[in-house]
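One structure is given below, encoded as structure tokens.
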Protein chains: 2
Amino acid sequence: MEPSTNNFLYPEDGHASSSELSMTARVLNIIRNEHEISRTDIARIIDGSRSAVVQHVERLLSYGLIREVGVAASTGGRRARVLALNGNAGYIAGVDHGATSIDVAITNLAGEILSHISDEADVSEGPERCLSRARDMIKRSLDNAHISPERLWAIGIGMPGPVEFKTGRPVAPPIMPGWDGYPVREYFAPSFTCPVYVDNDVNVMALGEQWTGLGHGIENFLFIKVGTGIGCGIVCHGQLYRGADGCAGDIGHIQVNGQTVICRCGNLGCLEAVAAAPAWVRMAHEAANRSTLIADHLTRHNTLMAKDVSDFAGRGDHTCVEIIQKSGRYIGHILAGLVNFFNPSLIVIGGDVSKTGDVWLAAIRQEIYRRSLPLGSRNLLVQRSQLRDLAGVIGATAFAVQQLFSEEGLSRLLHQITQPGAVIEMSESS
Amino acid sequence: MEPSTNNFLYPEDGHASSSELSMTARVLNIIRNEHEISRTDIARIIDGSRSAVVQHVERLLSYGLIREVGVAASTGGRRARVLALNGNAGYIAGVDHGATSIDVAITNLAGEILSHISDEADVSEGPERCLSRARDMIKRSLDNAHISPERLWAIGIGMPGPVEFKTGRPVAPPIMPGWDGYPVREYFAPSFTCPVYVDNDVNVMALGEQWTGLGHGIENFLFIKVGTGIGCGIVCHGQLYRGADGCAGDIGHIQVNGQTVICRCGNLGCLEAVAAAPAWVRMAHEAANRSTLIADHLTRHNTLMAKDVSDFAGRGDHTCVEIIQKSGRYIGHILAGLVNFFNPSLIVIGGDVSKTGDVWLAAIRQEIYRRSLPLGSRNLLVQRSQLRDLAGVIGATAFAVQQLFSEEGLSRLLHQITQPGAVIEMSESS
């Protein structure tokens, strides 16, 4: 039989079919997800026999992607050896490109952060300037972590706008002039040989939350990012949901009841226009005559940021508390509708604005529980992300590892590992 | 090795594991979905070898669930024999319980309708009265179709309110007093030996649309039912999405911009309260002084229905056209937000109200395209269901067949087939 184009080479057994590779990937992801697990328990999860699992485990061991980490507690019979991801087999760069900043982290395959740097950057300066800075930051981060570039297995990038998932190109991003259709992946090819994966920032944050945050093990949840804009990552049946055109979760332009502020998209009363960071600044300017803190600040600095509104509210300024509550109520109002529609069991709130005090979160919750149906909200949790400033880079890493350990990514990776010169370090330190 | 509790008996080979049964179910569903397909093409879809498929096909043939229907067009080599579902191996009763009517259809496994009856019924009369009528209607439909009750393999029921999927019991249904927690499945046990599956009406309609309607082969779409209430069935990644508590798609209680009509749920301005059939009637009463058609009708009959508003609009009554457009715009406004959030490629509109003229559908479309982001709506289709009055019963049947052909349903079914006295008819007529 002719090998199909999907086949790849296992050094020890010639060609393996695509379905075998798919099962190897599945076993690898179970081990990654469960952290430590025996062969028997893997067989239980995939509903197969232990012998069917063993060959995939042997392959993953021989490639150095997993390792044995000891034995499980005895349950009467022979004590089972426990498997874990070999976290330091390779390394990942996670890039969180925000509207006004770039964060880069180097992690191992288990998501442990080895180095992290952050820089101001203006996404509106266009792709060449921003991506050259990101590239330099990746190199610097690798240096800081003492990792040589050939041990970098993947780069994951989150962008602050819609991205065509298949090609990794931004699509008509509203706050990113010059980025429409730009080949982000290809930009990195001369500098790094590893694959580059690009997606929307909230999508990767949802994946990060699923991997190491509150979303771990949750089948259906939403990740809401509130910063310069407002977006939503959707996890449905345990998988990231991107929608028919890859732009699902664009909730920033849903209209809020009775609001008429003009949004940058041209419509009136979009959620983003009345509740995101720039809206706080606008409302603070409008209310300067009612708050001495705002007025003094404007007199001294002639400008003001959302963070200042948050600070003043923390110092008891009633006008700023009102601004924050208004923003929370608008967001909660839209989320109430989405709770009726999507019935998630968890909503995680992240992004820069989420660092504000509990007044904001309370207003969001109050409006969700007031307006959504009791049946759909009786088990609902609404929580602030605990990954905080790292949500973006952890998400970008989680996304890259997910892609790398997919059937397609694994096919490429195993080829690469069998090339002469490839280094797989068997480490006990992860 | 001990057989697990999930095992079931294949007469020819003793115990089969749960994963084998799961693959048998998968092969059966591929054949059902593709209508006619060769063994080689099934192997291509499941990414496995032809020999792995053959044993499952042989089992399904030996149980009479599928049959060979001829040979495929030659592609150079040996001509492949083509497999199809044995549609007349068993029969299904589909029950569409609306707020004011019950529809019952008997279909074969391929969804071909053998008999269909419809009766007025008031769901608020409580479960005993309604379900005894449904039971009698099933018996009558079987008689009409000349099918004996023991050849009925499953009953699928769609209810006009939230249903706990696992138990088939209605949960706090707003228009169904007396139904909360009622054991609908168990009610039928003394009369029929086959399994009974119960779900929300819009969920089953979405499944019907996926099986034989516009949703066939579409990965992500919404089915919107507009009648006495407004609900939404969600198909996500090709599967019906029920949400964390089984109440996803309850869009009837999302608030419409600026509306303050009190809804039966107690909130203000819910979509259902301003756009469903009762809202048409309310608006017509309020506008009686502006329309001679409405005023004359009320004088003669003292009452009026949504259908009358639709008729008057068709006869050119401007006030009734306005009512219909208003309803369409409110629905379109909420759907625009859901398009931003969910980015479906198709929205199917069904339910009694959808039978109204094109003015209503045009108003829905206009508002969706006006308010949703261009990227998310560029490939979006908004269409009226072509299953019309049959959407509910076809959906209930599709749902029952889906459950019957799931791993769990198939385990039960194959047991039943191997019992003495079970009849499987090998028919060529399907």
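Convention: chains lettered A, B, ... in structure tokens order; per-chain residue numbering from 1; ligands numbered from 1 as shown.
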- Message: With only C-alpha atoms as the counted atoms, please give the residues lying no more than 7 Å from Val359 in chain A, apart from itself and same-chain residues fewer than 3 positions off, as an MDAnalysis selection string.
- Response: chainID A and resid 325 362:363
Using only C-alpha atoms, what table do you get, as CSV, when you list each residue of range 209-262 of chain B with an atom no more than 10 Å from range 222-237 of chain A, its nearest pair of atoms, and their distance in Å rounded to one decimal, rows by chain then rising number?
residue,atom,partner,partner_atom,distance
B:Cys236,CA,A:Cys236,CA,7.9
B:His237,CA,A:Cys236,CA,8.7
B:Gln239,CA,A:His237,CA,9.3
B:Tyr241,CA,A:His237,CA,7.9
B:Arg242,CA,A:His237,CA,9.7
B:Gly243,CA,A:Cys236,CA,8.4
B:Ala244,CA,A:His237,CA,9.6
- Hey, what does DSSP flag as alpha helix (DSSP H) within range 64-298 of chain B? Can you give it to me as a ChimeraX atom specification? /B:127-145,184-188,201-212,271-275,277-286,292-298
- Item | Proximal residues of chain B relative to chain A (only C-alpha atoms; 7 Å) as a PyMOL selection string | chain B and resi 18-19+47-48+220+243-245+247-251+254+257-258+337+340-345+376
Would you write out those residues with all heavy atoms, as a short mmCIF file (atom, residue, chain, number, x, y, z; two decimals), in the first residue's frame?
data_model
loop_
_atom_site.label_atom_id
_atom_site.label_comp_id
_atom_site.auth_asym_id
_atom_site.auth_seq_id
_atom_site.Cartn_x
_atom_site.Cartn_y
_atom_site.Cartn_z
N SER B 18 -16.63 -1.63 24.90
CA SER B 18 -17.36 -0.40 24.68
C SER B 18 -16.78 0.40 23.52
O SER B 18 -17.51 1.03 22.76
CB SER B 18 -17.31 0.42 25.97
OG SER B 18 -17.66 1.74 25.73
N SER B 19 -15.43 0.34 23.34
CA SER B 19 -14.86 1.11 22.23
C SER B 19 -15.23 0.48 20.88
O SER B 19 -15.40 1.18 19.89
CB SER B 19 -13.34 1.23 22.36
OG SER B 19 -12.74 -0.03 22.30
N ASP B 47 -10.60 7.45 8.85
CA ASP B 47 -9.15 7.49 8.87
C ASP B 47 -8.58 6.15 9.33
O ASP B 47 -7.58 6.10 10.03
CB ASP B 47 -8.70 8.59 9.87
CG ASP B 47 -7.66 9.48 9.23
OD1 ASP B 47 -7.23 9.19 8.12
OD2 ASP B 47 -7.29 10.47 9.88
N GLY B 48 -9.27 5.06 8.96
CA GLY B 48 -8.80 3.74 9.38
C GLY B 48 -8.65 2.83 8.16
O GLY B 48 -8.84 3.26 7.03
N ASN B 220 -21.87 25.01 12.13
CA ASN B 220 -22.30 25.96 13.17
C ASN B 220 -23.52 26.73 12.70
O ASN B 220 -23.40 27.58 11.82
CB ASN B 220 -21.17 26.94 13.50
CG ASN B 220 -19.87 26.22 13.84
OD1 ASN B 220 -19.83 25.41 14.75
ND2 ASN B 220 -18.82 26.51 13.09
N GLY B 243 -25.52 23.48 26.65
CA GLY B 243 -25.07 24.36 27.72
C GLY B 243 -24.86 23.62 29.03
O GLY B 243 -25.14 22.42 29.14
N ALA B 244 -24.36 24.34 30.03
CA ALA B 244 -23.97 23.72 31.30
C ALA B 244 -25.16 23.13 32.04
O ALA B 244 -25.05 22.08 32.66
CB ALA B 244 -23.25 24.74 32.17
N ASP B 245 -26.31 23.80 31.99
CA ASP B 245 -27.50 23.31 32.70
C ASP B 245 -28.58 22.83 31.74
O ASP B 245 -29.73 22.63 32.16
CB ASP B 245 -28.07 24.41 33.60
CG ASP B 245 -27.04 24.92 34.59
OD1 ASP B 245 -26.80 24.25 35.59
OD2 ASP B 245 -26.43 25.97 34.31
N CYS B 247 -29.96 24.56 29.37
CA CYS B 247 -30.92 25.59 28.96
C CYS B 247 -30.32 26.61 28.01
O CYS B 247 -30.82 27.73 27.91
CB CYS B 247 -31.55 26.25 30.17
SG CYS B 247 -30.38 27.13 31.20
N ALA B 248 -29.26 26.23 27.28
CA ALA B 248 -28.71 27.14 26.28
C ALA B 248 -29.77 27.46 25.23
O ALA B 248 -30.66 26.65 24.98
CB ALA B 248 -27.48 26.52 25.62
N GLY B 249 -29.70 28.63 24.64
CA GLY B 249 -30.61 29.01 23.56
C GLY B 249 -31.87 29.71 24.02
O GLY B 249 -32.77 29.98 23.22
N ASP B 250 -31.95 30.04 25.31
CA ASP B 250 -33.16 30.69 25.81
C ASP B 250 -33.08 32.20 25.53
O ASP B 250 -32.93 33.01 26.44
CB ASP B 250 -33.32 30.43 27.31
CG ASP B 250 -34.79 30.40 27.69
OD1 ASP B 250 -35.59 31.00 26.96
OD2 ASP B 250 -35.14 29.78 28.70
N ILE B 251 -33.22 32.54 24.25
CA ILE B 251 -33.01 33.94 23.84
C ILE B 251 -34.26 34.80 24.00
O ILE B 251 -34.21 36.01 23.84
CB ILE B 251 -32.52 34.04 22.39
CG1 ILE B 251 -33.59 33.53 21.41
CG2 ILE B 251 -31.23 33.25 22.21
CD1 ILE B 251 -33.27 33.85 19.96
N ILE B 254 -33.89 37.80 26.48
CA ILE B 254 -32.86 38.84 26.36
C ILE B 254 -33.61 40.16 26.14
O ILE B 254 -34.58 40.22 25.41
CB ILE B 254 -31.91 38.55 25.18
CG1 ILE B 254 -31.21 37.19 25.39
CG2 ILE B 254 -30.88 39.67 25.03
CD1 ILE B 254 -30.24 36.81 24.28
N ASN B 257 -33.41 46.64 23.36
CA ASN B 257 -33.15 48.07 23.55
C ASN B 257 -34.37 48.93 23.82
O ASN B 257 -35.23 49.06 22.95
CB ASN B 257 -32.53 48.61 22.25
CG ASN B 257 -31.06 48.77 22.43
OD1 ASN B 257 -30.55 48.46 23.51
ND2 ASN B 257 -30.39 49.26 21.42
N GLY B 258 -34.43 49.52 25.00
CA GLY B 258 -35.42 50.56 25.25
C GLY B 258 -36.84 50.06 25.44
O GLY B 258 -37.75 50.86 25.63
N GLY B 337 -26.56 40.67 17.74
CA GLY B 337 -25.62 40.47 18.84
C GLY B 337 -25.12 39.04 18.89
O GLY B 337 -23.94 38.78 19.11
N ASN B 340 -22.50 38.41 16.27
CA ASN B 340 -21.18 38.87 16.74
C ASN B 340 -20.56 37.86 17.70
O ASN B 340 -19.37 37.61 17.65
CB ASN B 340 -21.31 40.21 17.47
CG ASN B 340 -21.49 41.37 16.51
OD1 ASN B 340 -21.41 41.20 15.29
ND2 ASN B 340 -21.73 42.55 17.04
N PHE B 341 -21.38 37.32 18.57
CA PHE B 341 -20.87 36.39 19.58
C PHE B 341 -20.55 35.01 18.99
O PHE B 341 -19.50 34.44 19.24
CB PHE B 341 -21.89 36.23 20.71
CG PHE B 341 -21.53 35.19 21.73
CD1 PHE B 341 -20.54 35.44 22.67
CD2 PHE B 341 -22.16 33.95 21.76
CE1 PHE B 341 -20.18 34.48 23.62
CE2 PHE B 341 -21.81 32.99 22.70
CZ PHE B 341 -20.82 33.25 23.63
N PHE B 342 -21.49 34.48 18.20
CA PHE B 342 -21.39 33.06 17.81
C PHE B 342 -20.87 32.85 16.40
O PHE B 342 -20.41 31.77 16.06
CB PHE B 342 -22.78 32.41 17.96
CG PHE B 342 -22.77 30.91 17.86
CD1 PHE B 342 -22.17 30.15 18.86
CD2 PHE B 342 -23.33 30.26 16.78
CE1 PHE B 342 -22.15 28.76 18.77
CE2 PHE B 342 -23.32 28.88 16.68
CZ PHE B 342 -22.73 28.12 17.69
N ASN B 343 -20.96 33.87 15.55
CA ASN B 343 -20.47 33.79 14.16
C ASN B 343 -20.92 32.49 13.47
O ASN B 343 -20.10 31.70 13.02
CB ASN B 343 -18.93 33.92 14.17
CG ASN B 343 -18.31 33.92 12.77
OD1 ASN B 343 -17.18 33.47 12.60
ND2 ASN B 343 -19.00 34.39 11.77
N PRO B 344 -22.26 32.27 13.37
CA PRO B 344 -22.73 31.08 12.67
C PRO B 344 -22.67 31.32 11.16
O PRO B 344 -22.56 32.46 10.73
CB PRO B 344 -24.19 30.97 13.12
CG PRO B 344 -24.60 32.39 13.36
CD PRO B 344 -23.37 33.12 13.84
N SER B 345 -22.76 30.26 10.35
CA SER B 345 -22.83 30.50 8.91
C SER B 345 -24.27 30.45 8.41
O SER B 345 -24.54 30.76 7.26
CB SER B 345 -21.96 29.50 8.15
OG SER B 345 -22.35 28.18 8.46
N GLY B 376 -18.30 39.04 10.44
CA GLY B 376 -19.07 37.89 10.92
C GLY B 376 -20.31 37.60 10.11
O GLY B 376 -20.90 36.53 10.23
#
- Item | Shell of 12 Å around Leu60 in chain B, only C-alpha atoms, local chain residues under 2 positions omitted, as a PyMOL selection string | chain B and resi 10+12+21+23-29+31-32+53-58+62-68+83-86+89+405+410+413-414+417
Can I get the selected residues back with C-alpha atoms, as a PDB file, in the first residue's frame?
ATOM      1  CA  TYR B  10     -22.623  -9.685  19.861  1.00  0.00           C
ATOM      2  CA  GLU B  12     -21.340 -14.043  16.774  1.00  0.00           C
ATOM      3  CA  LEU B  21     -19.505  -0.624  20.124  1.00  0.00           C
ATOM      4  CA  MET B  23     -16.988   2.367  16.478  1.00  0.00           C
ATOM      5  CA  THR B  24     -19.976   0.298  15.310  1.00  0.00           C
ATOM      6  CA  ALA B  25     -22.199   3.257  16.216  1.00  0.00           C
ATOM      7  CA  ARG B  26     -19.865   5.597  14.344  1.00  0.00           C
ATOM      8  CA  VAL B  27     -19.976   3.468  11.188  1.00  0.00           C
ATOM      9  CA  LEU B  28     -23.775   3.253  11.408  1.00  0.00           C
ATOM     10  CA  ASN B  29     -24.069   7.037  11.725  1.00  0.00           C
ATOM     11  CA  ILE B  31     -23.949   5.375   6.641  1.00  0.00           C
ATOM     12  CA  ARG B  32     -27.063   7.139   7.904  1.00  0.00           C
ATOM     13  CA  VAL B  53     -14.468  -1.155   8.939  1.00  0.00           C
ATOM     14  CA  VAL B  54     -15.486  -4.507   7.510  1.00  0.00           C
ATOM     15  CA  GLN B  55     -16.186  -6.189  10.858  1.00  0.00           C
ATOM     16  CA  HIS B  56     -18.507  -3.360  11.943  1.00  0.00           C
ATOM     17  CA  VAL B  57     -20.296  -3.409   8.593  1.00  0.00           C
ATOM     18  CA  GLU B  58     -20.763  -7.191   8.874  1.00  0.00           C
ATOM     19  CA  SER B  62     -26.221  -9.259  10.408  1.00  0.00           C
ATOM     20  CA  TYR B  63     -28.518  -7.212  12.661  1.00  0.00           C
ATOM     21  CA  GLY B  64     -30.419  -5.937   9.624  1.00  0.00           C
ATOM     22  CA  LEU B  65     -29.689  -2.296  10.419  1.00  0.00           C
ATOM     23  CA  ILE B  66     -28.028  -1.672   7.065  1.00  0.00           C
ATOM     24  CA  ARG B  67     -28.212  -3.321   3.658  1.00  0.00           C
ATOM     25  CA  GLU B  68     -26.369  -3.433   0.362  1.00  0.00           C
ATOM     26  CA  LEU B  83     -24.287   0.371   1.776  1.00  0.00           C
ATOM     27  CA  ALA B  84     -27.379   2.183   3.023  1.00  0.00           C
ATOM     28  CA  LEU B  85     -29.440   2.343   6.180  1.00  0.00           C
ATOM     29  CA  ASN B  86     -32.182  -0.299   6.200  1.00  0.00           C
ATOM     30  CA  ALA B  89     -35.845  -2.121   9.987  1.00  0.00           C
ATOM     31  CA  PHE B 405     -27.915   5.130  17.290  1.00  0.00           C
ATOM     32  CA  LEU B 410     -27.286   0.944  20.185  1.00  0.00           C
ATOM     33  CA  LEU B 413     -31.169  -1.844  20.652  1.00  0.00           C
ATOM     34  CA  LEU B 414     -28.850  -4.732  19.751  1.00  0.00           C
ATOM     35  CA  ILE B 417     -32.885  -7.350  18.521  1.00  0.00           C
TER      36      ILE B 417
END
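For the pair CA of Gly357 in chain B and CA of Ala313 in chain B, the separation is 8.2 Å.
These are the residues of range 260-376 of chain A assigned strand (DSSP E or B) by DSSP from backbone coordinates: Ile262, Leu268, Cys270, Leu346, Ile347, Val348, Ile349 and Gly350 of chain A.
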- Message: Using Å and a single decimal, report how far CA of Arg282 in chain A sits from CA of Ser310 in chain A.
- Response: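 It comes out at 13.6 Å.
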